[in-house]
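This report concerns only the one structure given below.
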Amino acid sequence: QLSSSYQGFGCCSLDGDADELDLLVTALALQRHSSVTGASEPPTGIALLGHSTGSQITVRYLQRKAAGQYAASQPAAPVVGAVLQAAVSDREFFDLLGGLEPVVKKARRMLAEGKGDQIVERVEMLSHTPMTAARMVALCDKGGDDDMFSSDLTEDELQELLAPAGSVCPVLVLQSGADEYVPAPAEIPAQAERLAVALSKGGKPARAVVVARAKHNLEGAVEQGVAAVVDFLQSL
């Protein structure tokens with residue numbers, strides 16, 4: 001699992017997560033086996049699926065790959081597709097929660113003082129997760145490192161963020177129609193389309209699918225969500 005799994009997310013960064021993901025992709029590409037023939041065969045391709053904050057990690061990995069930062073990864077198993085499941089705005093969710101502004105202000109001050117890697121607080125409303133100042137700002141500030149999917153980002157801002165990722169492989173934006181982390185659920189379909197359009201500017205196809213009645217983790221419509229993923233993978 002990634003270092004950012006569970007409560008680890010408060011002390012990690014997207015760049016570090018992306019580097020760990022590249023190690024996984026490389027390991028999978030080096031894995032040579034076939035359960036059918038017993039012959040040594042590399043996988044023909046790898047697809048990524050990121051859930052929630054994992055969507056940001058997936059985008060960052062693809063951004064860095066587009067920039068040539070992972071050129072040493074094994075070419076035998078290229079990344080052929082990516083799914084962003086529940087790609088929603090942490091910033092807008094934290095605004096919905098309320099009460100975090102004092103912590104964010106402290107984090108900004110610590111970051112300005114060069115203390116970004118220090119713990120600002122164990123945030124009670126985030127299950128007492130220890131948060132570094134840098135991660136708190138990345139998640140909560142407009143234009144922060146994690147701010148990729150917010151509804152108030154312009155088309156140009158979304159394109160700048162997402163088009164590089166969309167230049168690497170086809171992408172499915174898989175959103176939940178009843179996502180409890182989204183302040184305005186009625187806007188979910190339109191926002192999903194905005195993300196897909198921005199990704200498609202990179203040159204590879206991108207599509208948006210909204211699973212009606214599904215919660216953030218697809219609860220209530222898991223089969224429909226899985227069907228959308230399978231359909232996307234079969235199209236690659």
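Just remember, in the structure tokens the first chain shown is A, the second B, etc., residues are 1-based per chain, and ligands are 1-based in the order shown.
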
Subject >> stretch 149-210 of chain A: residues DSSP assigns to strand (DSSP E), reported as a list of chain:residue names >> reply: A:Val171, A:Leu172, A:Val173, A:Leu174, A:Gln175, A:Ser176, A:Ala206, A:Arg207, A:Ala208, A:Val209, A:Val210

**OP:** Apply DSSP to the structure's backbone, then extract all residues of stretch 18-189 of chain A labelled alpha helix (DSSP H) and return them as a VMD selection string.
**Re:** chain A and resid 18 to 30 53 to 66 90 to 97 101 to 112 133 to 140 155 to 166 188 to 189

For stretch 138-232 of chain A against stretch 88-93 of chain A, with a cut-off of 9 Å and counting only C-alpha atoms, what is the closest atom pair and its distance in Å to one decimal for every residue that makes the cut, ordered by chain and number, as a tab-separated table?
residue	atom	partner	partner_atom	distance
A:Ala138	CA	A:Arg91	CA	8.9
A:Leu139	CA	A:Arg91	CA	5.8
A:Cys140	CA	A:Arg91	CA	4.6
A:Asp141	CA	A:Arg91	CA	6.6
A:Lys142	CA	A:Arg91	CA	7.3
A:Gly144	CA	A:Arg91	CA	8.8
A:Asp146	CA	A:Asp90	CA	7.6
A:Asp147	CA	A:Ser89	CA	6.6
A:Met148	CA	A:Ser89	CA	7.1
A:Phe149	CA	A:Ser89	CA	5.1
A:Ser150	CA	A:Ser89	CA	4.8
A:Ser151	CA	A:Ser89	CA	7.7
A:Gln175	CA	A:Val88	CA	8.3
A:Asp179	CA	A:Val88	CA	8.9
A:Tyr181	CA	A:Phe93	CA	5.6
A:Val182	CA	A:Phe93	CA	6.3
A:Pro183	CA	A:Phe93	CA	6.8

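Between A:Leu195 and the residues A:Ala227, A:Ala134, A:Glu155, A:Gly220, the shortest atom-to-atom distance, using only C-alpha atoms, involves A:Glu155.
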
Original post:
Contacts of A:Leu48 at 12 Å or less, counting only C-alpha atoms, minus same-chain residues fewer than 5 places along, as a PyMOL selection string?
Top reply: chain A and resi 18+21-22+24-25+28+54-59+61-62+78-85+168-172+229+232-233

Include N, CA, C and O atoms and write out the residues we just selected as a compact mmCIF listing (two decimals), in the first residue's frame.
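Full text of part_20.txt as output:
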# COMPACT_ATOMS: atom_id res chain seq x y z
N ALA A 18 3.01 9.64 -6.26
CA ALA A 18 3.22 9.31 -7.66
C ALA A 18 4.50 8.50 -7.85
O ALA A 18 4.53 7.55 -8.64
N LEU A 21 3.75 5.05 -6.83
CA LEU A 21 2.92 4.40 -7.84
C LEU A 21 3.78 3.96 -9.02
O LEU A 21 3.55 2.88 -9.60
N ASP A 22 4.78 4.76 -9.38
CA ASP A 22 5.67 4.37 -10.47
C ASP A 22 6.45 3.11 -10.12
O ASP A 22 6.69 2.26 -10.98
N LEU A 24 5.32 0.70 -8.32
CA LEU A 24 4.36 -0.39 -8.50
C LEU A 24 4.21 -0.73 -9.98
O LEU A 24 4.23 -1.91 -10.36
N VAL A 25 4.04 0.29 -10.81
CA VAL A 25 3.89 0.06 -12.25
C VAL A 25 5.11 -0.66 -12.80
O VAL A 25 5.01 -1.60 -13.60
N LEU A 28 5.08 -4.31 -11.72
CA LEU A 28 4.11 -5.09 -12.49
C LEU A 28 4.64 -5.37 -13.89
O LEU A 28 4.41 -6.45 -14.45
N GLY A 54 -7.09 9.29 -4.28
CA GLY A 54 -6.36 8.49 -5.25
C GLY A 54 -6.52 9.00 -6.66
O GLY A 54 -5.67 8.74 -7.53
N SER A 55 -7.59 9.75 -6.92
CA SER A 55 -7.75 10.37 -8.24
C SER A 55 -6.67 11.42 -8.46
O SER A 55 -6.09 11.53 -9.55
N GLN A 56 -6.39 12.23 -7.42
CA GLN A 56 -5.31 13.21 -7.53
C GLN A 56 -3.96 12.53 -7.74
O GLN A 56 -3.13 12.98 -8.52
N ILE A 57 -3.75 11.43 -7.01
CA ILE A 57 -2.49 10.69 -7.15
C ILE A 57 -2.34 10.18 -8.58
O ILE A 57 -1.26 10.29 -9.19
N THR A 58 -3.42 9.64 -9.13
CA THR A 58 -3.38 9.14 -10.51
C THR A 58 -3.07 10.26 -11.49
O THR A 58 -2.24 10.10 -12.40
N VAL A 59 -3.74 11.41 -11.32
CA VAL A 59 -3.47 12.55 -12.20
C VAL A 59 -2.01 12.99 -12.07
O VAL A 59 -1.34 13.24 -13.08
N TYR A 61 0.59 11.24 -11.15
CA TYR A 61 1.45 10.24 -11.80
C TYR A 61 1.46 10.46 -13.32
O TYR A 61 2.53 10.47 -13.95
N LEU A 62 0.29 10.65 -13.90
CA LEU A 62 0.20 10.84 -15.35
C LEU A 62 0.85 12.16 -15.77
O LEU A 62 1.48 12.24 -16.83
N PRO A 78 2.82 -0.70 -20.89
CA PRO A 78 2.46 0.71 -20.78
C PRO A 78 1.17 0.92 -20.01
O PRO A 78 0.34 0.03 -19.91
N VAL A 79 1.01 2.11 -19.44
CA VAL A 79 -0.24 2.49 -18.82
C VAL A 79 -1.22 2.80 -19.95
O VAL A 79 -1.03 3.75 -20.70
N VAL A 80 -2.25 1.98 -20.06
CA VAL A 80 -3.16 2.08 -21.20
C VAL A 80 -4.48 2.77 -20.87
O VAL A 80 -5.27 3.07 -21.76
N GLY A 81 -4.72 3.02 -19.59
CA GLY A 81 -5.97 3.68 -19.21
C GLY A 81 -5.96 4.04 -17.74
O GLY A 81 -5.17 3.50 -16.96
N ALA A 82 -6.84 4.97 -17.37
CA ALA A 82 -6.95 5.38 -15.97
C ALA A 82 -8.40 5.70 -15.65
O ALA A 82 -9.12 6.25 -16.48
N VAL A 83 -8.79 5.36 -14.43
CA VAL A 83 -10.13 5.66 -13.93
C VAL A 83 -9.99 6.58 -12.72
O VAL A 83 -9.24 6.27 -11.79
N LEU A 84 -10.70 7.70 -12.77
CA LEU A 84 -10.75 8.61 -11.62
C LEU A 84 -12.12 8.43 -10.99
O LEU A 84 -13.12 8.93 -11.50
N GLN A 85 -12.18 7.68 -9.89
CA GLN A 85 -13.46 7.38 -9.25
C GLN A 85 -13.64 8.28 -8.03
O GLN A 85 -12.83 8.28 -7.12
N VAL A 168 -1.49 11.01 -21.86
CA VAL A 168 -0.80 9.73 -21.64
C VAL A 168 -1.67 8.55 -22.04
O VAL A 168 -1.21 7.60 -22.68
N CYS A 169 -2.96 8.60 -21.68
CA CYS A 169 -3.84 7.46 -21.91
C CYS A 169 -5.29 7.89 -21.81
O CYS A 169 -5.59 8.97 -21.28
N PRO A 170 -6.23 7.10 -22.32
CA PRO A 170 -7.65 7.39 -22.12
C PRO A 170 -8.00 7.39 -20.64
O PRO A 170 -7.41 6.64 -19.85
N VAL A 171 -8.98 8.22 -20.28
CA VAL A 171 -9.36 8.36 -18.87
C VAL A 171 -10.88 8.29 -18.73
O VAL A 171 -11.62 8.88 -19.53
N LEU A 172 -11.33 7.58 -17.71
CA LEU A 172 -12.74 7.55 -17.33
C LEU A 172 -12.91 8.35 -16.04
O LEU A 172 -12.25 8.06 -15.04
N VAL A 229 -16.68 0.58 -15.22
CA VAL A 229 -15.24 0.35 -15.29
C VAL A 229 -14.92 -0.75 -16.30
O VAL A 229 -14.01 -0.62 -17.12
N PHE A 232 -15.27 0.48 -19.80
CA PHE A 232 -14.14 1.34 -20.16
C PHE A 232 -12.91 0.49 -20.48
O PHE A 232 -12.24 0.70 -21.50
N LEU A 233 -12.60 -0.48 -19.63
CA LEU A 233 -11.42 -1.32 -19.86
C LEU A 233 -11.53 -2.10 -21.16
O LEU A 233 -10.54 -2.28 -21.89

Subject >> Within 9 Å of A:Ala107 using only C-alpha atoms, minus same-chain residues under 5 positions, as a PyMOL selection string >> reply: chain A and resi 102+112+115-116+119-121+132-137

May I have the residues from that selection written out with N, CA and C atoms, as a PDB file, in the first residue's frame?
ATOM      1  N   PRO A 102      -8.952  28.095  11.361  1.00  0.00           N
ATOM      2  CA  PRO A 102      -7.829  28.360  12.273  1.00  0.00           C
ATOM      3  C   PRO A 102      -6.627  27.443  12.030  1.00  0.00           C
ATOM      4  N   ALA A 112       5.109  29.299   5.467  1.00  0.00           N
ATOM      5  CA  ALA A 112       5.884  30.500   5.143  1.00  0.00           C
ATOM      6  C   ALA A 112       7.178  30.560   5.942  1.00  0.00           C
ATOM      7  N   LYS A 115       8.455  25.548   7.654  1.00  0.00           N
ATOM      8  CA  LYS A 115       8.147  24.405   8.517  1.00  0.00           C
ATOM      9  C   LYS A 115       7.038  23.537   7.920  1.00  0.00           C
ATOM     10  N   GLY A 116       7.009  23.460   6.609  1.00  0.00           N
ATOM     11  CA  GLY A 116       5.937  22.736   5.946  1.00  0.00           C
ATOM     12  C   GLY A 116       5.875  21.262   6.261  1.00  0.00           C
ATOM     13  N   ILE A 119       4.233  18.773  11.758  1.00  0.00           N
ATOM     14  CA  ILE A 119       2.823  18.531  12.051  1.00  0.00           C
ATOM     15  C   ILE A 119       2.194  19.807  12.590  1.00  0.00           C
ATOM     16  N   VAL A 120       1.107  20.218  11.947  1.00  0.00           N
ATOM     17  CA  VAL A 120       0.410  21.406  12.418  1.00  0.00           C
ATOM     18  C   VAL A 120      -0.589  21.047  13.515  1.00  0.00           C
ATOM     19  N   GLU A 121      -1.192  19.857  13.370  1.00  0.00           N
ATOM     20  CA  GLU A 121      -2.198  19.445  14.343  1.00  0.00           C
ATOM     21  C   GLU A 121      -2.706  18.053  13.983  1.00  0.00           C
ATOM     22  N   THR A 132       0.621  17.551   8.254  1.00  0.00           N
ATOM     23  CA  THR A 132       1.711  18.516   8.132  1.00  0.00           C
ATOM     24  C   THR A 132       1.151  19.828   7.603  1.00  0.00           C
ATOM     25  N   ALA A 133       1.907  20.906   7.831  1.00  0.00           N
ATOM     26  CA  ALA A 133       1.468  22.214   7.350  1.00  0.00           C
ATOM     27  C   ALA A 133       1.348  22.215   5.831  1.00  0.00           C
ATOM     28  N   ALA A 134       2.318  21.595   5.150  1.00  0.00           N
ATOM     29  CA  ALA A 134       2.299  21.589   3.685  1.00  0.00           C
ATOM     30  C   ALA A 134       1.089  20.847   3.146  1.00  0.00           C
ATOM     31  N   ARG A 135       0.762  19.713   3.746  1.00  0.00           N
ATOM     32  CA  ARG A 135      -0.374  18.925   3.257  1.00  0.00           C
ATOM     33  C   ARG A 135      -1.691  19.643   3.536  1.00  0.00           C
ATOM     34  N   MET A 136      -1.781  20.311   4.677  1.00  0.00           N
ATOM     35  CA  MET A 136      -3.002  21.036   5.012  1.00  0.00           C
ATOM     36  C   MET A 136      -3.259  22.133   3.995  1.00  0.00           C
ATOM     37  N   VAL A 137      -2.221  22.864   3.638  1.00  0.00           N
ATOM     38  CA  VAL A 137      -2.364  23.937   2.651  1.00  0.00           C
ATOM     39  C   VAL A 137      -2.674  23.347   1.277  1.00  0.00           C
TER      40      VAL A 137
END

Subject >> Pick from A:Gln69, A:Thr26, A:Thr53, A:Gln31, whichever lies nearest to A:Leu14 using only C-alpha atoms >> reply: A:Thr53
